[in-house]
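Q: Quick one, input.csv (CSV, C-alpha atoms):
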chain,number,residue,atom,x,y,z
A,1152,MET,CA,0.0,0.0,0.0
A,1153,ASN,CA,1.7,3.2,-1.3
A,1154,GLU,CA,0.7,6.8,-1.2
A,1155,THR,CA,2.4,9.8,-2.6
A,1156,THR,CA,2.7,12.8,-0.3
A,1157,ASP,CA,4.2,15.8,-2.2
A,1158,ASN,CA,7.6,14.4,-3.4
A,1159,TYR,CA,7.5,11.4,-1.0
A,1160,VAL,CA,6.0,7.9,-1.3
A,1161,ILE,CA,4.7,6.5,2.0
A,1162,ARG,CA,4.9,2.7,2.0
A,1163,PHE,CA,3.5,0.2,4.5
A,1164,ILE,CA,5.9,-2.8,4.9
A,1165,PRO,CA,5.4,-5.6,7.4
A,1166,ASP,CA,8.7,-6.2,9.2
A,1167,LYS,CA,9.0,-9.7,7.8
A,1168,ASN,CA,9.1,-8.2,4.3
A,1169,VAL,CA,12.0,-5.8,5.0
A,1170,SER,CA,14.7,-6.7,2.4
A,1171,ALA,CA,18.4,-6.8,3.3
A,1172,THR,CA,19.0,-3.6,1.4
A,1173,LEU,CA,16.1,-1.8,3.2
A,1174,ASP,CA,17.3,-3.2,6.5
A,1175,GLN,CA,20.7,-1.6,6.0
A,1176,GLN,CA,19.1,1.7,4.9
A,1177,LEU,CA,16.8,1.7,7.9
A,1178,ARG,CA,19.7,1.0,10.3
A,1179,ASN,CA,21.7,3.8,8.8
A,1180,LEU,CA,18.7,6.2,9.2
A,1181,LEU,CA,18.2,5.1,12.8
A,1182,VAL,CA,21.8,5.6,13.7
A,1183,ILE,CA,21.6,9.1,12.2
A,1184,CYS,CA,18.5,9.9,14.2
A,1185,PHE,CA,19.4,8.2,17.4
A,1186,PRO,CA,23.2,8.5,17.7
A,1187,ASP,CA,23.3,7.4,21.3
A,1188,ALA,CA,21.5,4.1,20.6
A,1189,GLN,CA,24.3,2.2,18.9
A,1190,ILE,CA,22.3,-0.9,18.9
A,1191,PHE,CA,20.8,0.3,15.6
A,1192,ALA,CA,24.1,-0.3,13.9
A,1193,ARG,CA,23.5,-4.0,14.5
A,1194,GLN,CA,19.7,-4.4,14.3
A,1195,ARG,CA,16.6,-2.4,13.2
A,1196,PHE,CA,14.8,-2.4,16.5
A,1197,LEU,CA,15.6,-1.4,20.1
A,1198,HIS,CA,14.1,-4.2,22.2
A,1199,GLU,CA,11.9,-6.4,20.0
A,1200,LYS,CA,11.0,-6.5,16.3
A,1201,PRO,CA,7.8,-4.6,15.6
A,1202,LYS,CA,5.2,-6.3,13.3
A,1203,TYR,CA,4.7,-3.3,11.0
A,1204,ARG,CA,6.6,-0.4,9.5
A,1205,TRP,CA,5.9,2.7,7.5
A,1206,PHE,CA,8.5,4.5,5.4
A,1207,ALA,CA,8.6,7.8,3.5
A,1208,PHE,CA,10.9,7.4,0.5
A,1209,ASN,CA,12.4,10.4,-1.4
A,1210,GLU,CA,12.6,10.7,-5.2
A,1211,ARG,CA,15.7,8.4,-5.2
A,1212,SER,CA,13.7,5.7,-3.4
A,1213,GLU,CA,15.8,6.2,-0.2
A,1214,PRO,CA,14.0,5.9,3.1
A,1215,VAL,CA,14.1,9.4,4.8
A,1216,ALA,CA,11.4,8.9,7.5
A,1217,HIS,CA,10.1,5.8,9.4
A,1218,THR,CA,7.9,4.6,12.1
A,1219,ALA,CA,7.3,1.1,13.5
A,1220,LEU,CA,4.2,-0.4,15.2
A,1221,HIS,CA,3.9,-3.1,17.8
A,1222,ILE,CA,0.5,-4.6,18.6
A,1223,LYS,CA,0.3,-5.2,22.3
A,1224,THR,CA,-2.4,-6.3,24.8
A,1225,ILE,CA,-3.0,-4.8,28.2
A,1226,LYS,CA,-4.9,-6.7,30.9
A,1227,THR,CA,-7.3,-4.9,33.2
A,1228,GLU,CA,-10.0,-5.8,35.6
A,1229,GLU,CA,-12.5,-5.1,32.9
A,1230,GLY,CA,-10.7,-7.4,30.3
A,1231,GLU,CA,-8.0,-7.3,27.7
A,1232,TYR,CA,-7.4,-4.4,25.3
A,1233,ALA,CA,-5.2,-4.3,22.3
A,1234,PHE,CA,-3.2,-1.1,21.7
A,1235,GLY,CA,-0.5,0.1,19.3
A,1236,GLY,CA,3.0,0.7,20.6
A,1237,ILE,CA,4.6,3.2,18.2
A,1238,ALA,CA,8.4,3.0,18.0
A,1239,GLU,CA,11.4,4.3,16.2
A,1240,VAL,CA,9.8,7.4,14.7
A,1241,CYS,CA,12.6,9.2,12.9
A,1242,VAL,CA,13.2,11.6,10.1
A,1243,ASN,CA,16.6,12.2,8.4
A,1244,PRO,CA,17.6,15.7,9.6
A,1245,ASP,CA,17.8,16.9,5.9
A,1246,TYR,CA,14.1,16.1,5.5
A,1247,ARG,CA,12.7,17.5,8.7
A,1248,ARG,CA,9.9,20.1,8.9
A,1249,ARG,CA,8.2,18.8,5.8
A,1250,GLY,CA,5.2,17.0,7.5
A,1251,LEU,CA,6.7,13.5,7.2
A,1252,VAL,CA,6.0,12.5,10.8
A,1253,HIS,CA,2.4,13.7,10.5
A,1254,ALA,CA,2.0,11.8,7.2
A,1255,LEU,CA,3.4,8.6,8.8
A,1256,MET,CA,1.3,9.0,12.0
A,1257,ASN,CA,-1.8,9.4,9.8
A,1258,LYS,CA,-1.1,6.1,8.2
A,1259,VAL,CA,-0.6,4.4,11.6
A,1260,ASP,CA,-3.9,5.9,12.8
A,1261,GLU,CA,-5.7,4.6,9.7
A,1262,PHE,CA,-4.3,1.2,10.3
A,1263,LEU,CA,-5.2,1.1,14.0
A,1264,LYS,CA,-8.8,2.2,13.2
A,1265,ALA,CA,-9.1,-0.4,10.5
A,1266,GLU,CA,-7.9,-3.1,12.9
A,1267,LYS,CA,-10.3,-1.7,15.6
A,1268,ILE,CA,-7.5,-1.0,18.0
A,1269,PRO,CA,-8.7,1.8,20.2
A,1270,PHE,CA,-5.5,3.6,21.3
A,1271,ALA,CA,-1.8,3.9,20.8
A,1272,ILE,CA,1.1,4.7,23.1
A,1273,LEU,CA,4.1,6.7,22.0
A,1274,PHE,CA,7.0,7.9,24.1
A,1275,GLY,CA,8.4,11.1,22.6
A,1276,GLU,CA,8.4,14.9,22.4
A,1277,GLY,CA,4.8,16.1,22.9
A,1278,LYS,CA,5.2,19.1,20.7
A,1279,ILE,CA,6.2,16.9,17.8
A,1280,TYR,CA,3.2,14.6,18.0
A,1281,ARG,CA,0.5,16.9,19.3
A,1282,SER,CA,-0.5,17.8,15.7
A,1283,SER,CA,-1.2,14.1,15.1
A,1284,GLY,CA,-3.6,14.0,18.1
A,1285,TYR,CA,-1.3,12.6,20.7
A,1286,LYS,CA,-1.6,13.9,24.2
A,1287,LYS,CA,0.7,13.9,27.2
A,1288,ILE,CA,-0.4,11.8,30.1
A,1289,ALA,CA,0.7,12.1,33.7
A,1290,ASN,CA,0.3,8.5,34.7
A,1291,GLU,CA,3.1,6.8,36.4
A,1292,ILE,CA,4.9,4.5,34.1
A,1293,ARG,CA,6.5,1.3,35.3
A,1294,SER,CA,8.5,-1.1,33.2
A,1295,PHE,CA,8.8,-4.8,34.0
A,1296,ASP,CA,11.3,-7.3,32.6
Would you mind writing the file out in structure tokens?
A:
Amino acid sequence: MNETTDNYVIRFIPDKNVSATLDQQLRNLLVICFPDAQIFARQRFLHEKPKYRWFAFNERSEPVAHTALHIKTIKTEEGEYAFGGIAEVCVNPDYRRRGLVHALMNKVDEFLKAEKIPFAILFGEGKIYRSSGYKKIANEIRSFD
């Protein structure tokens, strides 16, 4: 599923379909965007492989922006709920401020709605994601191994 946004093509690619060439290009992009996370030099994910990915490609078919999506389940007293875990959102510095994050987030939102997944979680700068409808929450966050 491809869509052209100005001079960029947005493509949905399940992680299992990421080619060796795209893997290397993605890892290069992640290293540029997250220089303190050297794990990206070795693998295209931080902790676990996401199931889905969206890319923005430039006119030379190079990935210049990316986001990943995990589908997770949370258990509550009222039952289980699926949610999207958005990860590895990044844009090559030479392509920032062109609406690429917003375009990618719109695609993720469309996907989540189609899958009837009611909400998503994203850890990031609120000012960047606010225009895509994400809100800061003040809940305590605990991580378990």
Q: A:Pro1186, A:Pro1165, A:Pro1214, A:Pro1269: which is nearest Gly1235 in chain A, counting all atoms listed in the file?
A: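 Closest candidate: A:Pro1269.
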Q: List as a ChimeraX atom specification the protein and nucleic acid residues near Glu1199 in chain A, meaning an atom at most 12 Å away when only C-alpha atoms are counted, but skip any in the same chain fewer than 3 places from it.
A: /A:1166,1190-1191,1194-1196,1202-1203,1219-1223,1236,1238-1239
Q: Could you check which residues have any atom within 8 Å of (12.1, 8.5, 11.9), counting all atoms listed in the file with coordinates taken straight from the file, and then list them as number ranges by chain?
A: A: 1180-1181, 1184, 1215-1218, 1239-1243, 1252
Q: For each of A:Leu1197, A:Leu1251, A:Val1182, A:Ile1225, take the minimum atom-to-atom distance to Asn1209 in chain A, counting all atoms listed in the file, then give the residue where this is smallest.
A: A:Leu1251
Q: Please indicate the distance in Å from CA of Arg1249 in chain A to CA of Thr1172 in chain A, rounded to one decimal place.
A: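 Taking CA of Arg1249 in chain A as the start and CA of Thr1172 in chain A as the end point, the length is 25.3 Å.
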Q: Determine, counting all atoms listed in the file, every residue of protein, DNA or RNA that lies within 12 Å of (13.4, 12.3, -8.3) in the file coordinates, then give the result as a list of chain:residue names.
A: A:Asp1157, A:Asn1158, A:Tyr1159, A:Val1160, A:Phe1208, A:Asn1209, A:Glu1210, A:Arg1211, A:Ser1212, A:Glu1213
Q: Please measure the separation of CA of Ala1207 in chain A and CA of Arg1162 in chain A, giving the value in Å to one decimal.
A: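 Going from CA of Ala1207 in chain A over to CA of Arg1162 in chain A, I get 6.5 Å.
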Q: May I ask which of the residues A:Asp1245, A:Glu1231, A:Phe1270, A:Phe1206 is the closest one to Phe1163 in chain A, counting all atoms listed in the file?
A: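 Nearest candidate to Phe1163 in chain A out of A:Asp1245, A:Glu1231, A:Phe1270, A:Phe1206: A:Phe1206.
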Q: I'd like the interatomic distance between CA of Phe1185 in chain A and CA of Glu1261 in chain A, to a tenth of an Å.
A: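 These two atoms are separated by 26.5 Å.
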